[in-house]
$ cat start_11.txt   # compact mmCIF, C-alpha atoms and all ligand atoms
# COMPACT_ATOMS: atom_id res chain seq x y z
CA MET A 1 123.84 87.21 162.22
CA ALA A 2 125.29 84.05 163.77
CA LYS A 3 128.40 82.71 162.05
CA PHE A 4 126.71 79.44 161.11
CA GLU A 5 123.09 80.37 160.65
CA GLY A 6 120.73 77.49 161.39
CA TYR A 7 123.36 75.03 162.65
CA LYS A 8 122.45 73.81 166.12
CA ASP A 9 122.61 70.88 168.54
CA ILE A 10 124.86 67.87 168.92
CA TYR A 11 123.90 64.90 166.77
CA VAL A 12 125.04 61.36 167.36
CA PHE A 13 125.01 58.68 164.67
CA VAL A 14 123.52 55.67 166.45
CA GLU A 15 124.90 52.54 164.83
CA GLN A 16 122.72 49.45 164.70
CA LYS A 17 123.04 46.03 163.17
CA ASN A 18 120.00 43.79 162.73
CA GLY A 19 118.13 46.20 165.00
CA GLU A 20 120.66 45.86 167.79
CA ILE A 21 122.16 49.18 168.79
CA ALA A 22 125.91 49.26 169.42
CA ASN A 23 126.82 50.61 172.85
CA VAL A 24 129.12 53.22 171.35
CA GLY A 25 126.06 55.21 170.21
CA TYR A 26 124.82 55.37 173.79
CA GLU A 27 128.30 56.25 175.07
CA LEU A 28 128.41 59.20 172.66
CA ILE A 29 124.92 60.32 173.65
CA SER A 30 125.98 60.26 177.32
CA GLU A 31 129.03 62.38 176.50
CA ALA A 32 126.97 64.71 174.31
CA ARG A 33 124.68 65.31 177.30
CA LYS A 34 127.70 66.53 179.28
CA LEU A 35 128.74 68.76 176.41
CA VAL A 36 125.34 70.44 176.11
CA ALA A 37 125.22 70.83 179.90
CA SER A 38 128.51 72.76 179.70
CA ILE A 39 126.94 75.37 177.38
CA PRO A 40 123.49 75.98 178.91
CA HIS A 41 123.29 79.45 177.33
CA MET A 42 123.28 77.85 173.86
CA ASN A 43 120.17 75.80 174.67
CA TYR A 44 121.44 72.80 172.69
CA SER A 45 119.77 69.41 172.44
CA VAL A 46 121.19 65.95 171.87
CA VAL A 47 119.81 64.31 168.75
CA GLY A 48 120.26 60.68 167.70
CA ILE A 49 120.32 59.61 164.04
CA LEU A 50 119.10 56.09 163.44
CA LEU A 51 119.45 54.55 159.98
CA GLY A 52 118.12 51.12 159.04
CA HIS A 53 115.00 49.23 158.12
CA GLN A 54 112.12 48.56 160.48
CA ILE A 55 114.03 50.20 163.30
CA LYS A 56 111.55 52.89 164.34
CA ASP A 57 110.71 51.03 167.54
CA LYS A 58 114.35 51.46 168.61
CA ALA A 59 114.00 55.23 168.78
CA GLN A 60 112.59 55.07 172.32
CA ASP A 61 115.74 53.23 173.47
CA VAL A 62 117.83 56.06 172.07
CA ILE A 63 115.68 58.58 173.96
CA ALA A 64 115.92 56.49 177.13
CA HIS A 65 119.70 56.73 176.83
CA GLY A 66 119.65 60.51 176.73
CA ALA A 67 118.60 61.80 173.29
CA ASP A 68 116.08 64.65 173.21
CA ARG A 69 115.12 63.83 169.65
CA VAL A 70 115.77 60.99 167.23
CA VAL A 71 115.82 61.30 163.46
CA VAL A 72 114.78 57.92 162.11
CA VAL A 73 115.58 57.09 158.50
CA ASP A 74 113.80 53.84 157.78
CA HIS A 75 114.28 52.44 154.29
CA GLU A 76 114.71 48.97 152.84
CA LEU A 77 117.95 50.05 151.14
CA LEU A 78 119.33 50.76 154.61
CA LYS A 79 118.59 47.32 156.00
CA ASP A 80 122.24 46.25 155.93
CA TYR A 81 125.14 48.67 155.90
CA SER A 82 126.08 49.95 152.49
CA THR A 83 128.55 52.78 152.08
CA GLN A 84 126.59 54.20 149.17
CA PHE A 85 123.10 54.34 150.69
CA TYR A 86 124.17 55.16 154.25
CA ALA A 87 126.37 58.01 153.00
CA ASP A 88 123.51 59.29 150.82
CA ALA A 89 121.02 59.16 153.70
CA LEU A 90 123.30 60.67 156.34
CA THR A 91 124.35 63.47 154.02
CA GLN A 92 120.69 64.35 153.45
CA VAL A 93 119.96 64.29 157.19
CA ILE A 94 122.81 66.75 157.74
CA GLN A 95 121.63 69.01 154.93
CA GLU A 96 118.08 68.99 156.27
CA PHE A 97 118.69 69.35 160.02
CA LYS A 98 122.01 71.24 160.09
CA PRO A 99 123.76 69.74 163.13
CA ASP A 100 126.38 71.94 164.76
CA SER A 101 128.34 68.78 165.65
CA LEU A 102 128.08 65.15 164.63
CA LEU A 103 129.69 62.36 166.63
CA THR A 104 130.14 58.86 165.22
CA GLY A 105 131.67 55.71 166.71
CA ALA A 106 135.12 54.87 165.34
CA THR A 107 133.89 51.39 164.50
CA VAL A 108 134.51 49.66 161.18
CA LEU A 109 131.22 51.14 159.94
CA GLY A 110 131.85 54.60 161.41
CA ARG A 111 135.37 54.78 160.00
CA ASP A 112 133.97 54.03 156.55
CA LEU A 113 130.94 56.31 156.72
CA ALA A 114 132.09 59.46 158.51
CA PRO A 115 135.02 60.48 156.25
CA ARG A 116 132.94 59.89 153.12
CA VAL A 117 130.13 62.09 154.41
CA ALA A 118 132.57 64.74 155.65
CA ALA A 119 134.16 64.91 152.19
CA ARG A 120 130.76 65.26 150.51
CA ILE A 121 129.68 68.19 152.66
CA ASN A 122 133.17 69.66 152.91
CA ALA A 123 133.21 69.45 156.70
CA GLY A 124 136.17 68.92 159.03
CA LEU A 125 136.47 65.50 160.68
CA THR A 126 138.70 64.50 163.59
CA ALA A 127 139.21 60.74 163.63
CA ASP A 128 139.79 58.52 166.66
CA ALA A 129 139.20 61.17 169.30
CA THR A 130 139.75 60.34 172.96
CA LYS A 131 138.41 63.54 174.53
CA ILE A 132 135.87 66.18 173.53
CA GLU A 133 135.18 69.48 175.26
CA MET A 134 133.46 72.75 174.46
CA ASP A 135 135.82 75.69 174.09
CA PRO A 136 135.12 77.72 177.27
CA GLU A 137 136.47 80.89 175.61
CA LYS A 138 133.76 80.93 172.97
CA LYS A 139 130.55 82.27 174.38
CA ASP A 140 128.58 82.76 171.17
CA GLU A 141 129.31 79.44 169.50
CA ALA A 142 129.73 75.78 170.49
CA LEU A 143 133.26 75.14 169.28
CA LEU A 144 134.42 71.60 169.94
CA LEU A 145 137.95 70.95 171.18
CA VAL A 146 138.61 67.41 169.98
CA THR A 147 141.69 65.64 171.31
CA ARG A 148 143.30 62.59 169.74
CA PRO A 149 146.63 60.78 170.05
CA THR A 150 149.19 61.64 167.41
CA PHE A 151 152.82 60.79 166.52
CA GLY A 152 152.33 57.16 167.47
CA GLY A 153 150.52 58.11 170.66
CA ASN A 154 153.44 60.09 172.06
CA LEU A 155 151.57 63.38 171.81
CA PHE A 156 147.97 64.46 172.04
CA GLY A 157 146.70 66.99 169.55
CA THR A 158 143.59 69.11 170.05
CA ILE A 159 141.84 69.84 166.78
CA ILE A 160 139.21 72.47 166.06
CA CYS A 161 137.05 72.94 163.00
CA PRO A 162 136.23 76.66 163.21
CA ASP A 163 135.29 77.23 159.57
CA THR A 164 132.86 74.50 158.62
CA ARG A 165 129.77 72.81 160.03
CA PRO A 166 128.98 70.28 161.27
CA GLN A 167 132.07 69.66 163.35
CA MET A 168 132.56 65.91 162.89
CA ALA A 169 134.44 63.43 165.04
CA THR A 170 134.76 59.68 165.34
CA ILE A 171 135.33 58.23 168.81
CA ARG A 172 136.36 54.69 169.71
CA PRO A 173 134.01 52.44 171.62
CA ASN A 174 134.59 52.38 175.39
CA VAL A 175 136.30 55.78 175.52
CA PHE A 176 133.28 57.38 177.20
CA ALA A 177 131.09 55.88 179.90
CA MET A 178 127.50 55.02 179.09
CA ASP A 179 124.82 56.38 181.42
CA ALA A 180 122.09 54.03 182.55
CA ALA A 181 118.92 54.12 180.48
CA ASP A 182 115.90 55.91 181.88
CA PRO A 183 112.84 54.35 180.19
CA SER A 184 110.64 57.15 181.54
CA ARG A 185 112.45 59.82 179.45
CA SER A 186 110.40 61.26 176.64
CA GLY A 187 111.53 62.81 173.40
CA GLU A 188 110.57 63.52 169.84
CA VAL A 189 110.85 61.01 167.01
CA ILE A 190 111.21 62.56 163.56
CA GLU A 191 110.86 60.36 160.52
CA PHE A 192 112.96 61.40 157.55
CA GLU A 193 112.44 60.07 154.05
CA PRO A 194 115.67 59.92 152.03
CA THR A 195 115.74 60.16 148.26
CA PHE A 196 118.22 57.95 146.49
CA ALA A 197 119.08 59.35 143.07
CA ASP A 198 120.45 56.00 142.02
CA THR A 199 118.94 52.95 143.67
CA ASP A 200 121.24 50.60 141.78
CA ALA A 201 123.76 49.49 144.31
CA LYS A 202 127.34 50.02 143.11
CA VAL A 203 128.37 47.22 145.44
CA VAL A 204 125.96 44.43 146.22
CA VAL A 205 126.30 42.66 149.56
CA LYS A 206 125.17 39.13 148.79
CA GLU A 207 125.67 37.65 152.19
CA VAL A 208 126.74 38.94 155.56
CA ILE A 209 128.67 36.29 157.44
CA ALA A 210 129.04 37.03 161.10
CA LYS A 211 132.66 36.82 162.17
CA VAL A 212 133.08 34.10 164.73
CA VAL A 213 134.97 35.70 167.58
CA GLU A 214 136.85 33.02 169.41
CA GLY A 215 137.35 33.46 173.11
CA ILE A 216 136.23 36.32 175.28
CA ASP A 217 135.52 39.86 174.13
CA ILE A 218 137.79 41.84 176.47
CA THR A 219 135.85 45.06 175.85
CA LYS A 220 132.91 43.54 177.70
CA CYS A 221 134.83 42.22 180.73
CA ASP A 222 134.48 43.76 184.15
CA ILE A 223 137.78 42.41 185.45
CA LEU A 224 140.91 42.25 183.31
CA VAL A 225 144.35 40.96 184.20
CA GLY A 226 146.80 42.43 181.70
CA ALA A 227 150.06 40.71 180.86
CA GLY A 228 153.04 42.69 179.63
CA ARG A 229 156.43 41.54 178.47
CA GLY A 230 157.38 41.22 182.13
CA ALA A 231 154.76 38.49 182.56
CA GLU A 232 155.32 36.63 179.30
CA HIS A 233 157.08 33.84 181.14
CA CYS A 234 154.10 33.24 183.45
CA LEU A 235 151.00 33.69 181.30
CA ASP A 236 149.47 30.57 182.87
CA LEU A 237 149.58 32.30 186.23
CA VAL A 238 148.03 35.48 184.79
CA GLN A 239 145.27 33.42 183.16
CA ALA A 240 144.65 31.47 186.39
CA VAL A 241 144.28 34.70 188.35
CA ALA A 242 141.92 36.10 185.74
CA ASP A 243 139.82 32.91 185.94
CA GLU A 244 139.80 32.97 189.72
CA LEU A 245 138.54 36.57 189.70
CA GLY A 246 135.91 35.83 187.10
CA GLY A 247 137.65 38.04 184.57
CA ALA A 248 139.79 37.62 181.47
CA MET A 249 143.39 37.98 180.46
CA CYS A 250 144.47 40.75 178.09
CA CYS A 251 147.94 41.92 177.12
CA SER A 252 150.20 44.63 175.82
CA ARG A 253 151.35 44.78 172.21
CA ALA A 254 154.79 43.49 173.19
CA VAL A 255 153.21 40.17 174.16
CA VAL A 256 151.42 39.97 170.81
CA ASP A 257 154.54 40.97 168.88
CA ASP A 258 156.54 38.34 170.73
CA GLY A 259 154.01 35.73 169.63
CA PHE A 260 152.61 34.83 173.04
CA ALA A 261 149.05 36.08 172.57
CA ASP A 262 146.49 36.86 169.91
CA LYS A 263 145.91 40.46 168.84
CA ALA A 264 142.25 40.04 169.79
CA ILE A 265 143.25 40.55 173.43
CA GLN A 266 145.67 43.44 172.88
CA VAL A 267 144.82 46.62 174.77
CA GLY A 268 145.88 50.03 173.55
CA GLN A 269 146.00 52.45 170.71
CA THR A 270 146.30 49.76 168.05
CA GLY A 271 144.39 47.24 170.15
CA LYS A 272 141.15 47.57 172.06
CA THR A 273 139.94 50.23 174.46
CA VAL A 274 138.69 48.74 177.71
CA ARG A 275 137.15 50.22 180.85
CA PRO A 276 136.65 47.41 183.39
CA SER A 277 136.04 48.05 187.06
CA LEU A 278 139.40 46.39 187.82
CA TYR A 279 142.53 46.23 185.64
CA ILE A 280 145.58 44.47 187.05
CA ALA A 281 148.65 45.35 184.95
CA CYS A 282 151.32 42.69 185.32
CA GLY A 283 154.79 43.47 183.99
CA ILE A 284 153.48 46.26 181.78
CA SER A 285 155.71 49.32 181.46
CA GLY A 286 152.88 51.82 180.96
CA ALA A 287 153.79 53.10 177.50
CA CYS A 288 151.32 55.79 176.44
CA GLN A 289 150.02 53.61 173.60
CA HIS A 290 148.99 50.95 176.10
CA VAL A 291 147.67 53.38 178.69
CA ALA A 292 145.44 55.03 176.04
CA GLY A 293 143.46 51.80 175.95
CA MET A 294 142.99 51.19 179.69
CA ASP A 295 143.34 54.39 181.69
CA LYS A 296 139.55 54.77 182.01
CA SER A 297 139.38 51.60 184.15
CA ASP A 298 137.77 52.28 187.54
CA MET A 299 140.62 50.72 189.55
CA ILE A 300 144.11 50.03 188.22
CA ILE A 301 146.56 47.89 190.16
CA ALA A 302 150.08 47.59 188.77
CA ILE A 303 152.80 45.05 189.47
CA ASN A 304 156.23 45.92 188.15
CA ARG A 305 159.72 45.28 189.41
CA ASP A 306 160.85 48.74 188.28
CA PRO A 307 159.71 51.39 190.79
CA GLN A 308 160.11 54.06 188.08
CA ALA A 309 157.78 52.29 185.61
CA GLU A 310 155.30 54.69 183.98
CA ILE A 311 152.39 52.37 184.77
CA PHE A 312 152.53 53.47 188.41
CA SER A 313 151.61 57.02 187.41
CA VAL A 314 148.18 55.85 186.19
CA SER A 315 147.60 53.26 188.92
CA ASN A 316 145.45 53.52 192.02
CA MET A 317 147.65 50.94 193.71
CA GLY A 318 151.09 49.62 192.85
CA PHE A 319 153.33 46.75 193.90
CA VAL A 320 157.04 46.87 193.20
CA GLY A 321 158.18 43.30 192.73
CA ASN A 322 158.30 40.21 190.61
CA VAL A 323 154.95 39.32 188.99
CA GLU A 324 155.34 35.67 189.90
CA GLU A 325 155.68 36.50 193.57
CA VAL A 326 153.22 39.39 193.88
CA LEU A 327 150.34 38.18 191.72
CA PRO A 328 149.42 35.06 193.78
CA LEU A 329 149.50 37.14 196.98
CA LEU A 330 147.36 39.85 195.42
CA LYS A 331 144.88 37.25 194.21
CA GLU A 332 144.51 35.88 197.77
CA GLU A 333 143.97 39.40 199.11
CA ILE A 334 141.30 40.21 196.52
CA ILE A 335 139.46 36.95 197.16
CA ALA A 336 139.58 37.53 200.92
CA ALA A 337 138.34 41.09 200.46
CA LYS A 338 135.44 39.87 198.28
CA LYS A 339 134.42 37.35 200.95
CA ALA A 340 134.59 39.88 203.78
C1 LIG A 401 152.05 53.46 166.74
C2 LIG A 401 152.19 52.57 167.96
C3 LIG A 401 151.08 51.92 168.42
C4 LIG A 401 151.19 51.09 169.55
N1 LIG A 401 150.08 50.48 170.02
C5 LIG A 401 150.17 49.76 171.17
C6 LIG A 401 149.01 49.16 171.75
O1 LIG A 401 147.89 49.22 171.21
N2 LIG A 401 149.15 48.49 172.91
C7 LIG A 401 150.35 48.35 173.55
O2 LIG A 401 150.39 47.73 174.61
N3 LIG A 401 151.46 48.90 173.00
C8 LIG A 401 151.40 49.57 171.83
N4 LIG A 401 152.53 50.09 171.29
C9 LIG A 401 153.83 49.67 171.86
C10 LIG A 401 154.22 50.46 173.11
O3 LIG A 401 154.91 51.62 172.73
C11 LIG A 401 155.12 49.62 174.01
O4 LIG A 401 156.24 49.21 173.27
C12 LIG A 401 154.46 48.39 174.61
O5 LIG A 401 153.25 48.76 175.23
C13 LIG A 401 155.38 47.78 175.65
O6 LIG A 401 154.80 46.63 176.20
P1 LIG A 401 155.22 46.15 177.65
O7 LIG A 401 155.03 47.26 178.61
O8 LIG A 401 154.51 44.88 177.89
O9 LIG A 401 156.75 45.75 177.47
P2 LIG A 401 158.10 46.47 177.95
O10 LIG A 401 158.15 47.88 177.46
O11 LIG A 401 159.17 45.56 177.52
O12 LIG A 401 157.95 46.52 179.50
C14 LIG A 401 157.99 45.38 180.33
C15 LIG A 401 157.81 45.84 181.77
O13 LIG A 401 157.78 44.71 182.61
C16 LIG A 401 158.59 44.94 183.76
N5 LIG A 401 159.07 43.61 184.16
C17 LIG A 401 159.94 42.79 183.53
N6 LIG A 401 160.06 41.61 184.18
C18 LIG A 401 159.23 41.68 185.26
C19 LIG A 401 158.88 40.78 186.31
N7 LIG A 401 159.42 39.52 186.38
N8 LIG A 401 158.03 41.19 187.25
C20 LIG A 401 157.49 42.45 187.21
N9 LIG A 401 157.77 43.34 186.23
C21 LIG A 401 158.61 42.95 185.26
C22 LIG A 401 159.66 45.87 183.29
O14 LIG A 401 160.17 46.64 184.38
C23 LIG A 401 158.93 46.74 182.28
O15 LIG A 401 158.35 47.87 182.89
C24 LIG A 401 152.44 50.91 170.18
C25 LIG A 401 153.57 51.59 169.67
C26 LIG A 401 153.44 52.40 168.59
C27 LIG A 401 154.65 53.13 168.09

$ encode --input "start_11.txt" --output "structure tokens" --more "lines below"
Ligand SMILES: Cc1cc2nc3c(=O)[nH]c(=O)nc-3n(C[C@H](O)[C@H](O)[C@H](O)COP(=O)(O)OP(=O)(O)OC[C@H]3O[C@@H](n4cnc5c(N)ncnc54)[C@H](O)[C@@H]3O)c2cc1C
Amino acid sequence: MAKFEGYKDIYVFVEQKNGEIANVGYELISEARKLVASIPHMNYSVVGILLGHQIKDKAQDVIAHGADRVVVVDHELLKDYSTQFYADALTQVIQEFKPDSLLTGATVLGRDLAPRVAARINAGLTADATKIEMDPEKKDEALLLVTRPTFGGNLFGTIICPDTRPQMATIRPNVFAMDAADPSRSGEVIEFEPTFADTDAKVVVKEVIAKVVEGIDITKCDILVGAGRGAEHCLDLVQAVADELGGAMCCSRAVVDDGFADKAIQVGQTGKTVRPSLYIACGISGACQHVAGMDKSDMIIAINRDPQAEIFSVSNMGFVGNVEEVLPLLKEEIIAAKKA
């Protein structure tokens, strides 16, 4: 008899707000597709879980992004996020369908929901993962190797949950790439009716006020020019280059700590994870906590006056020199290359 009888497939919690699906759900589905492809002998599927109210029509989008099946839990108590009702519903989905693994975005919602559900079902949860693989040594089970930064980002730990199911993990937005949607994909939509033992909300959300995000959302930018402490004295130049390239300025934590920039544009372990097509790191040392937030960028160009700076080890191209001298020249080169 299999060790975990009945537990199968990789499930992804697909977060939505007002019917709009957060990209992280699609990123996790894309990664889950790679995971199931790495264990063809297990014949696993990728299953999306969609909780909300009047969201059934979104199931096809989830399928288009790579899910083989979607479990839709449509209930008026799930219209807006509530820890109580979402945890009740997700727990019941797990008990009914027995996922072998369950991936959730490490968003504000996911960080609230996943640990609560894991505690209820006594499952192991790895939070804030940056890499997920299938253990190649295990041929008769789909054991996840989940890697996450630890000790302030100085080490990476790989965590396994061999004794409980589902294997749960939360993953930050932008860590994995999102595959393009294929509207012609077909899949199964399963409607699941939750039962709420107590429909009296313990916490009542009277009003949801959307946070007004001032400035640009760096996680959505295709070109980022990052300022480190070595560029603090010339942030105007960094901003001008970002504007010229049609991108945005972001920064390291040192720049935020020194009071030169808002935390909203900080990249890294305690900031945001970004994956633009171009990241120009200006006067950034390349500390692992910063690199964790930008090393998935398609092209990284670093400018640093120290030839030994760590940032060069993750860069596709590097310039040893003063930011103020190199950056304007680099900008001219990029503009000329774009015109050519
Ligand atoms: C738990 C924890 C979480 C953290 N989270 C984050 C995070 O999310 N994001 C983050 O960025 N950091 C984070 N850090 C901090 C991180 O460890 C580094 O301290 C920080 O990234 C350093 O920023 P920096 O490279 O800009 O500054 P510095 O380390 O001071 O490096 C400045 C660099 O600029 C170069 N330089 C100086 N002057 C010039 C010049 N004129 N021209 C060219 N180059 C020049 C120097 O050679 C040097 O390499 C975290 C730390 C901890 C412990």

$ atom_distance --input "start_11.txt" --atom1 "CA of Ile300 (chain A)" --atom2 "CA of Asp257 (chain A)"
23.8 Å

$ closest_residue --input "start_11.txt" --among "A:Met168, A:Ser101, A:Gly215, A:Pro149" --to "ligand LIG 401 (chain A)" --atoms "all atoms listed in the file"
A:Pro149

$ residues_around --input "start_11.txt" --residues "region 316-327 of chain A" --least-positions-apart "6" --cutoff "6 Å" --atoms "all atoms listed in the file" --output "PyMOL selection string"
chain A and resi 300-305+307

$ residues_near_ligand --input "start_11.txt" --ligand "ligand LIG 401 (chain A)" --cutoff "6 Å" --atoms "only C-alpha atoms and all ligand atoms" --output "list in words"
Gly152, Gly228, Arg229, Gly230, Ser252, Arg253, Ala254, Val267, Gly268, Gln269, Thr270, Gly271, Gly283, Ile284, Ser285, Gly286, Ala287, Gln289, His290, Ile303, Asn304, Arg305, Asp306, Ala309, Gly321, Asn322 and Val323 of chain A

$ closest_residue --input "start_11.txt" --among "A:Ile159, A:Leu50, A:Val203, A:Ala87" --to "Ala22 (chain A)" --atoms "all atoms listed in the file"
A:Leu50

$ closest_residue --input "start_11.txt" --among "A:Pro194, A:Gly66, A:Gly124, A:Gly19" --to "Tyr81 (chain A)" --atoms "only C-alpha atoms"
A:Gly19

$ atom_distance --input "start_11.txt" --atom1 "CA of Cys288 (chain A)" --atom2 "CA of Met249 (chain A)"
19.9 Å

$ atom_distance --input "start_11.txt" --atom1 "CA of Tyr279 (chain A)" --atom2 "CA of Glu244 (chain A)"
14.1 Å

$ closest_residue --input "start_11.txt" --among "A:Pro166, A:Gly226, A:Pro276, A:Gly52" --to "Asn18 (chain A)" --atoms "only C-alpha atoms"
A:Gly52

$ residues_around --input "start_11.txt" --residues "Lys131 (chain A)" --least-positions-apart "3" --cutoff "10 Å" --atoms "all atoms listed in the file" --output "PDB file with C-alpha atoms, keeping the file's coordinate frame"
ATOM      1  CA  GLU A  31     129.030  62.380 176.500  1.00  0.00           C
ATOM      2  CA  ASP A 128     139.790  58.520 166.660  1.00  0.00           C
ATOM      3  CA  LEU A 145     137.950  70.950 171.180  1.00  0.00           C
ATOM      4  CA  VAL A 146     138.610  67.410 169.980  1.00  0.00           C
ATOM      5  CA  THR A 147     141.690  65.640 171.310  1.00  0.00           C
ATOM      6  CA  ARG A 148     143.300  62.590 169.740  1.00  0.00           C
ATOM      7  CA  PRO A 149     146.630  60.780 170.050  1.00  0.00           C
ATOM      8  CA  PHE A 156     147.970  64.460 172.040  1.00  0.00           C
ATOM      9  CA  THR A 158     143.590  69.110 170.050  1.00  0.00           C
ATOM     10  CA  ILE A 171     135.330  58.230 168.810  1.00  0.00           C
ATOM     11  CA  VAL A 175     136.300  55.780 175.520  1.00  0.00           C
ATOM     12  CA  PHE A 176     133.280  57.380 177.200  1.00  0.00           C
TER      13      PHE A 176
END

$ residues_around --input "start_11.txt" --residues "Leu51 (chain A)" --least-positions-apart "5" --cutoff "9 Å" --atoms "only C-alpha atoms" --output "VMD selection string"
chain A and resid 13 to 16 71 to 75 78 to 79 86 89 to 90

$ write_last_selection --input "start_11.txt" --atoms "C-alpha atoms" --output "mmCIF file, keeping the file's coordinate frame"
data_model
loop_
_atom_site.group_PDB
_atom_site.id
_atom_site.type_symbol
_atom_site.label_atom_id
_atom_site.label_comp_id
_atom_site.auth_asym_id
_atom_site.auth_seq_id
_atom_site.Cartn_x
_atom_site.Cartn_y
_atom_site.Cartn_z
ATOM 1 C CA PHE A 13 125.010 58.680 164.670
ATOM 2 C CA VAL A 14 123.520 55.670 166.450
ATOM 3 C CA GLU A 15 124.900 52.540 164.830
ATOM 4 C CA GLN A 16 122.720 49.450 164.700
ATOM 5 C CA VAL A 71 115.820 61.300 163.460
ATOM 6 C CA VAL A 72 114.780 57.920 162.110
ATOM 7 C CA VAL A 73 115.580 57.090 158.500
ATOM 8 C CA ASP A 74 113.800 53.840 157.780
ATOM 9 C CA HIS A 75 114.280 52.440 154.290
ATOM 10 C CA LEU A 78 119.330 50.760 154.610
ATOM 11 C CA LYS A 79 118.590 47.320 156.000
ATOM 12 C CA TYR A 86 124.170 55.160 154.250
ATOM 13 C CA ALA A 89 121.020 59.160 153.700
ATOM 14 C CA LEU A 90 123.300 60.670 156.340
#

$ closest_residue --input "start_11.txt" --among "A:Asp163, A:Asp298, A:Asp182, A:Asp243" --to "His65 (chain A)" --atoms "all atoms listed in the file"
A:Asp182

$ closest_residue --input "start_11.txt" --among "A:Ser313, A:Thr91, A:Glu5, A:Ala114" --to "Thr164 (chain A)" --atoms "only C-alpha atoms"
A:Glu5

$ residues_around --input "start_11.txt" --residues "Cys250 (chain A)" --least-positions-apart "5" --cutoff "10 Å" --atoms "all atoms listed in the file" --output "list in words"
Ile216, Asp217, Ile218, Thr219, Leu224, Val225, Gly226, Ala227, Gly228, Val238, Gln239, Ala242, Val255, Ala261, Asp262, Lys263, Ala264, Ile265, Gln266, Val267, Lys272, Val274, Tyr279, Ile280 and Ala281 of chain A

$ write_last_selection --input "start_11.txt" --atoms "C-alpha atoms" --output "compact mmCIF listing (two decimals), in the frame of the given file"
# COMPACT_ATOMS: atom_id res chain seq x y z
CA ILE A 216 136.23 36.32 175.28
CA ASP A 217 135.52 39.86 174.13
CA ILE A 218 137.79 41.84 176.47
CA THR A 219 135.85 45.06 175.85
CA LEU A 224 140.91 42.25 183.31
CA VAL A 225 144.35 40.96 184.20
CA GLY A 226 146.80 42.43 181.70
CA ALA A 227 150.06 40.71 180.86
CA GLY A 228 153.04 42.69 179.63
CA VAL A 238 148.03 35.48 184.79
CA GLN A 239 145.27 33.42 183.16
CA ALA A 242 141.92 36.10 185.74
CA VAL A 255 153.21 40.17 174.16
CA ALA A 261 149.05 36.08 172.57
CA ASP A 262 146.49 36.86 169.91
CA LYS A 263 145.91 40.46 168.84
CA ALA A 264 142.25 40.04 169.79
CA ILE A 265 143.25 40.55 173.43
CA GLN A 266 145.67 43.44 172.88
CA VAL A 267 144.82 46.62 174.77
CA LYS A 272 141.15 47.57 172.06
CA VAL A 274 138.69 48.74 177.71
CA TYR A 279 142.53 46.23 185.64
CA ILE A 280 145.58 44.47 187.05
CA ALA A 281 148.65 45.35 184.95

$ residues_around --input "start_11.txt" --residues "region 38-45 of chain A" --least-positions-apart "3" --cutoff "10 Å" --atoms "only C-alpha atoms" --output "count of residues only"
23
